[in-house]
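Colleague: Just dropping this structure here.
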Amino acid sequence: MRDATLPTVLVTRRVPQPVLDRIAAVADMRLWEEDRPIPREVLLDWVRGCAGLYSLLTDRVDEEVLRAAGPSLKVVSNMAVGYDNIDVPACTAHGVPVGNTPGVLTETTADLTLALLLATARRIVEAAEFVKAGRWVTWRPMELTGQDVHGSTVGIIGMGRIGKAVARRLRGFDCQIIYTDTQPDPEAGALGAGYVELDSLLKASDFVLVHCPLNEQTRGLIGARELALMKPTAVLINTARGPIVDQEALLDALQRGVIGGAGLDVTDPEPIPPDHPLLKLDNVVVLPHIGSASVATRTRMAHMAADNLIAGLRGERLPHCVNPEVYG
Ligand code: DGY
């Protein structure tokens, strides 16, 4: 039975039940039950009159959604650290705070970055498929040989929380670490990481790791020109957002041997179509955006997003707010 005294919230996907229970205890919850993104027309319909919107990175939250919600909307809470799916300036203009989930997924995403780096450099996926296909005939001196990660030069684009967590791990591999960002990071020196401009990083690195957020400055940051600067053996790893890399330029570079390989946890679009030519290349490993996908981390992210949502419903400051200027 609907409790008309409670604020209405829209939750755009089923998250762990204890999280839904917390939300249902304080709100009248509209839940999109299907395990696929809520269709746009349903989102626009169901958000009408809501006080809270609990969104995922697969939902575009823009002016149209804010208008559909109307003046009752008090909070948008995104279950992700990234919020490129949300038009934050529009939310600010409507006086709506936006919550995200920073910190909690840093180490898990750094672990996955290392796994993808090693898998791509050492051809792990290709080798496992080789065995399954019955092609392991004998031990051959140069079969499935890849590249060493230890002792290599690794370039990190974006020395934020995840970039630093990756740099810490790479010190154990005796890598030389260089990085670029909008400005030098005061904590990077302690990690043995030296600041360089993007072009120098691309020229010098054996492995280039993308860890910057997606925004208007970073969209298409790695295109044909940048790929051409990289070593012919270099491997590009992207666990940030697909559109930071020009995917068609990457495909072309891989097909023509401009660079040596790529490991992608993110693509543009997501999901990547199963017949995409990138998926035919042996020197490419593509994962379905699983950087933060450990049970513990995804559960914590879901709770953190509920914390933000509930605070917003109560008119309290969100614990993790990406547009604090909304509080004036
Ligand atoms: C995020 O949180 O932004 C990741 O891409 C998904 O965990």
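Labels used: A, B, ... for chains in the order of the structure tokens, numbers from 1 for residues in each chain, and numbers from 1 for ligands as shown.
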List all protein, DNA and RNA residues that have an atom no more than 6 Å from any atom of ligand 1, counting only C-alpha atoms and all ligand atoms, and report them as number ranges by chain.

Modeller: A: 80-82, 292

Colleague: Let's see if you can do this: from backbone DSSP, list all alpha helix (DSSP H) residues in stretch 27-226 of chain A, as an NGL selection string.

Modeller: :A and (40-46 or 63-69 or 88-93 or 106-121 or 124-132 or 161-171 or 198-204 or 224-226)

Colleague: Those same residues, written as a short mmCIF file (atom, residue, chain, number, x, y, z; two decimals), in the first residue's frame with C-alpha atoms?

Modeller:
```cif
data_model
loop_
_atom_site.label_atom_id
_atom_site.label_comp_id
_atom_site.auth_asym_id
_atom_site.auth_seq_id
_atom_site.Cartn_x
_atom_site.Cartn_y
_atom_site.Cartn_z
CA ARG A 40 13.90 6.45 -21.61
CA GLU A 41 10.13 6.91 -21.87
CA VAL A 42 9.61 4.92 -18.65
CA LEU A 43 12.26 6.96 -16.86
CA LEU A 44 10.58 10.19 -17.97
CA ASP A 45 7.20 8.90 -16.87
CA TRP A 46 8.18 7.34 -13.53
CA GLU A 63 17.41 18.70 -18.46
CA GLU A 64 14.58 16.61 -19.90
CA VAL A 65 14.62 14.28 -16.87
CA LEU A 66 14.85 17.18 -14.44
CA ARG A 67 11.86 18.87 -16.08
CA ALA A 68 9.90 15.62 -16.08
CA ALA A 69 10.63 15.20 -12.36
CA VAL A 88 25.58 18.35 -13.40
CA PRO A 89 25.26 22.04 -14.37
CA ALA A 90 21.58 21.41 -15.19
CA CYS A 91 21.08 19.75 -11.79
CA THR A 92 22.80 22.70 -10.11
CA ALA A 93 20.58 25.12 -12.02
CA THR A 106 39.52 2.72 -5.89
CA GLU A 107 41.43 -0.40 -4.83
CA THR A 108 39.10 -2.82 -6.60
CA THR A 109 39.41 -0.90 -9.87
CA ALA A 110 43.20 -0.72 -9.46
CA ASP A 111 43.28 -4.52 -9.00
CA LEU A 112 41.31 -4.98 -12.22
CA THR A 113 43.60 -2.58 -14.06
CA LEU A 114 46.59 -4.70 -13.10
CA ALA A 115 44.75 -7.87 -14.12
CA LEU A 116 43.90 -6.38 -17.52
CA LEU A 117 47.42 -5.04 -17.98
CA LEU A 118 48.95 -8.44 -17.25
CA ALA A 119 46.32 -10.29 -19.29
CA THR A 120 46.98 -8.12 -22.34
CA ALA A 121 50.78 -7.99 -22.00
CA ILE A 124 46.48 -14.65 -21.00
CA VAL A 125 43.04 -14.76 -22.64
CA GLU A 126 44.49 -15.86 -25.98
CA ALA A 127 46.56 -18.55 -24.23
CA ALA A 128 43.58 -19.90 -22.29
CA GLU A 129 41.54 -20.09 -25.49
CA PHE A 130 44.47 -21.84 -27.18
CA VAL A 131 44.36 -24.60 -24.57
CA LYS A 132 40.57 -24.96 -24.75
CA ARG A 161 42.70 8.13 -6.62
CA ILE A 162 42.71 5.16 -9.00
CA GLY A 163 45.82 6.31 -10.88
CA LYS A 164 47.70 6.49 -7.58
CA ALA A 165 46.44 3.08 -6.41
CA VAL A 166 47.70 1.60 -9.69
CA ALA A 167 51.05 3.39 -9.33
CA ARG A 168 51.46 1.92 -5.83
CA ARG A 169 50.93 -1.58 -7.22
CA LEU A 170 53.33 -1.01 -10.13
CA ARG A 171 56.16 -0.09 -7.77
CA LEU A 198 50.94 13.87 -22.62
CA ASP A 199 53.00 13.62 -25.81
CA SER A 200 56.18 12.74 -23.90
CA LEU A 201 54.27 10.13 -21.93
CA LEU A 202 52.91 8.54 -25.10
CA LYS A 203 56.36 8.39 -26.73
CA ALA A 204 58.14 6.92 -23.70
CA ALA A 224 44.95 8.89 -34.26
CA ARG A 225 47.63 11.53 -33.57
CA GLU A 226 48.22 10.32 -30.02
#
```

Colleague: Run DSSP on the backbone and give me the residues of stretch 147-312 of chain A it puts in strand (DSSP E), as a PyMOL selection string.

Modeller: chain A and resi 153-157+176-180+193-195+207-210+235-238+261-264+284-286

Colleague: Those residues you just picked out, can you put them in a file as an mmCIF file, in the first residue's frame with N, CA and C atoms?

Modeller:
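Below you can see out36.cif, which holds the result:
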```cif
data_model
loop_
_atom_site.group_PDB
_atom_site.id
_atom_site.type_symbol
_atom_site.label_atom_id
_atom_site.label_comp_id
_atom_site.auth_asym_id
_atom_site.auth_seq_id
_atom_site.Cartn_x
_atom_site.Cartn_y
_atom_site.Cartn_z
ATOM 1 N N THR A 153 58.265 0.822 -18.652
ATOM 2 C CA THR A 153 57.861 2.208 -18.385
ATOM 3 C C THR A 153 56.355 2.290 -18.563
ATOM 4 N N VAL A 154 55.681 2.729 -17.508
ATOM 5 C CA VAL A 154 54.220 2.810 -17.544
ATOM 6 C C VAL A 154 53.799 4.275 -17.442
ATOM 7 N N GLY A 155 52.952 4.694 -18.371
ATOM 8 C CA GLY A 155 52.449 6.065 -18.359
ATOM 9 C C GLY A 155 51.001 6.083 -17.888
ATOM 10 N N ILE A 156 50.742 6.880 -16.863
ATOM 11 C CA ILE A 156 49.392 6.960 -16.295
ATOM 12 C C ILE A 156 48.776 8.307 -16.677
ATOM 13 N N ILE A 157 47.653 8.252 -17.361
ATOM 14 C CA ILE A 157 46.944 9.489 -17.728
ATOM 15 C C ILE A 157 45.855 9.706 -16.685
ATOM 16 N N GLN A 176 59.085 1.894 -14.165
ATOM 17 C CA GLN A 176 59.323 3.340 -14.130
ATOM 18 C C GLN A 176 57.972 3.986 -14.426
ATOM 19 N N ILE A 177 57.525 4.835 -13.525
ATOM 20 C CA ILE A 177 56.168 5.382 -13.681
ATOM 21 C C ILE A 177 56.246 6.860 -14.026
ATOM 22 N N ILE A 178 55.578 7.211 -15.124
ATOM 23 C CA ILE A 178 55.415 8.620 -15.475
ATOM 24 C C ILE A 178 53.916 8.897 -15.560
ATOM 25 N N TYR A 179 53.532 10.152 -15.397
ATOM 26 C CA TYR A 179 52.101 10.437 -15.436
ATOM 27 C C TYR A 179 51.857 11.819 -16.003
ATOM 28 N N THR A 180 50.637 12.015 -16.453
ATOM 29 C CA THR A 180 50.231 13.351 -16.844
ATOM 30 C C THR A 180 48.860 13.632 -16.256
ATOM 31 N N ALA A 193 56.541 8.558 -9.134
ATOM 32 C CA ALA A 193 55.971 8.885 -10.446
ATOM 33 C C ALA A 193 56.358 10.301 -10.845
ATOM 34 N N GLY A 194 56.875 10.460 -12.058
ATOM 35 C CA GLY A 194 57.307 11.772 -12.537
ATOM 36 C C GLY A 194 56.306 12.367 -13.512
ATOM 37 N N TYR A 195 56.097 13.684 -13.386
ATOM 38 C CA TYR A 195 55.124 14.378 -14.250
ATOM 39 C C TYR A 195 55.736 14.677 -15.607
ATOM 40 N N PHE A 207 53.485 0.860 -21.611
ATOM 41 C CA PHE A 207 52.059 0.668 -21.311
ATOM 42 C C PHE A 207 51.471 2.036 -20.970
ATOM 43 N N VAL A 208 50.347 2.339 -21.591
ATOM 44 C CA VAL A 208 49.666 3.619 -21.329
ATOM 45 C C VAL A 208 48.337 3.289 -20.658
ATOM 46 N N LEU A 209 48.141 3.816 -19.456
ATOM 47 C CA LEU A 209 46.932 3.499 -18.685
ATOM 48 C C LEU A 209 46.050 4.747 -18.582
ATOM 49 N N VAL A 210 44.784 4.610 -18.930
ATOM 50 C CA VAL A 210 43.867 5.758 -18.898
ATOM 51 C C VAL A 210 43.078 5.728 -17.584
ATOM 52 N N VAL A 235 51.108 -0.920 -25.355
ATOM 53 C CA VAL A 235 49.774 -1.448 -25.060
ATOM 54 C C VAL A 235 48.979 -0.346 -24.347
ATOM 55 N N LEU A 236 47.755 -0.131 -24.811
ATOM 56 C CA LEU A 236 46.876 0.876 -24.205
ATOM 57 C C LEU A 236 45.853 0.162 -23.324
ATOM 58 N N ILE A 237 45.738 0.624 -22.081
ATOM 59 C CA ILE A 237 44.764 0.030 -21.155
ATOM 60 C C ILE A 237 43.780 1.129 -20.739
ATOM 61 N N ASN A 238 42.504 0.894 -20.911
ATOM 62 C CA ASN A 238 41.494 1.892 -20.513
ATOM 63 C C ASN A 238 40.483 1.246 -19.568
ATOM 64 N N GLY A 261 48.868 -3.467 -28.738
ATOM 65 C CA GLY A 261 47.706 -4.149 -28.171
ATOM 66 C C GLY A 261 46.871 -3.209 -27.334
ATOM 67 N N ALA A 262 45.733 -3.699 -26.906
ATOM 68 C CA ALA A 262 44.862 -2.868 -26.060
ATOM 69 C C ALA A 262 44.070 -3.754 -25.112
ATOM 70 N N GLY A 263 43.884 -3.245 -23.901
ATOM 71 C CA GLY A 263 43.021 -3.889 -22.903
ATOM 72 C C GLY A 263 41.969 -2.878 -22.510
ATOM 73 N N LEU A 264 40.719 -3.205 -22.776
ATOM 74 C CA LEU A 264 39.635 -2.230 -22.566
ATOM 75 C C LEU A 264 38.597 -2.806 -21.621
ATOM 76 N N VAL A 284 43.796 -7.831 -28.458
ATOM 77 C CA VAL A 284 42.868 -6.961 -27.726
ATOM 78 C C VAL A 284 42.084 -7.803 -26.717
ATOM 79 N N VAL A 285 42.026 -7.306 -25.486
ATOM 80 C CA VAL A 285 41.193 -7.945 -24.461
ATOM 81 C C VAL A 285 40.105 -6.936 -24.090
ATOM 82 N N VAL A 286 38.848 -7.328 -24.247
ATOM 83 C CA VAL A 286 37.747 -6.422 -23.899
ATOM 84 C C VAL A 286 36.940 -7.046 -22.765
#
```

Colleague: Applying 10 Å and only C-alpha atoms, which residues near A:Asp59 remain after dropping the ones on its own chain fewer than 4 positions away? List them as a list in words.

Modeller: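 Contacts, with the query itself left out: Thr12, Arg13, Pro37, Ile38, Pro39, Arg40, Leu43, Tyr54, Ser55, Asn78, Asn85 and Ile86 of chain A.
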
Colleague: Suppose we keep C-alpha atoms; can you now write the selection as a compact mmCIF listing (two decimals), in the first residue's frame?

Modeller:
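File result30.txt, as written:
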```txt
# COMPACT_ATOMS: atom_id res chain seq x y z
CA THR A 12 16.41 2.58 -11.86
CA ARG A 13 17.69 -0.96 -11.23
CA PRO A 37 18.49 -0.06 -18.40
CA ILE A 38 15.15 1.58 -17.76
CA PRO A 39 13.73 2.70 -21.15
CA ARG A 40 13.90 6.45 -21.61
CA LEU A 43 12.26 6.96 -16.86
CA TYR A 54 18.73 6.67 -7.62
CA SER A 55 20.47 6.29 -10.99
CA ASN A 78 24.38 7.98 -8.97
CA ASN A 85 25.92 10.39 -17.53
CA ILE A 86 24.56 13.33 -15.51
```

Colleague: Give me the residues within 7 Å of A:Arg30 as a PyMOL selection string, counting only C-alpha atoms and dropping any in the same chain fewer than 5 places off.

Modeller: chain A and resi 9-11
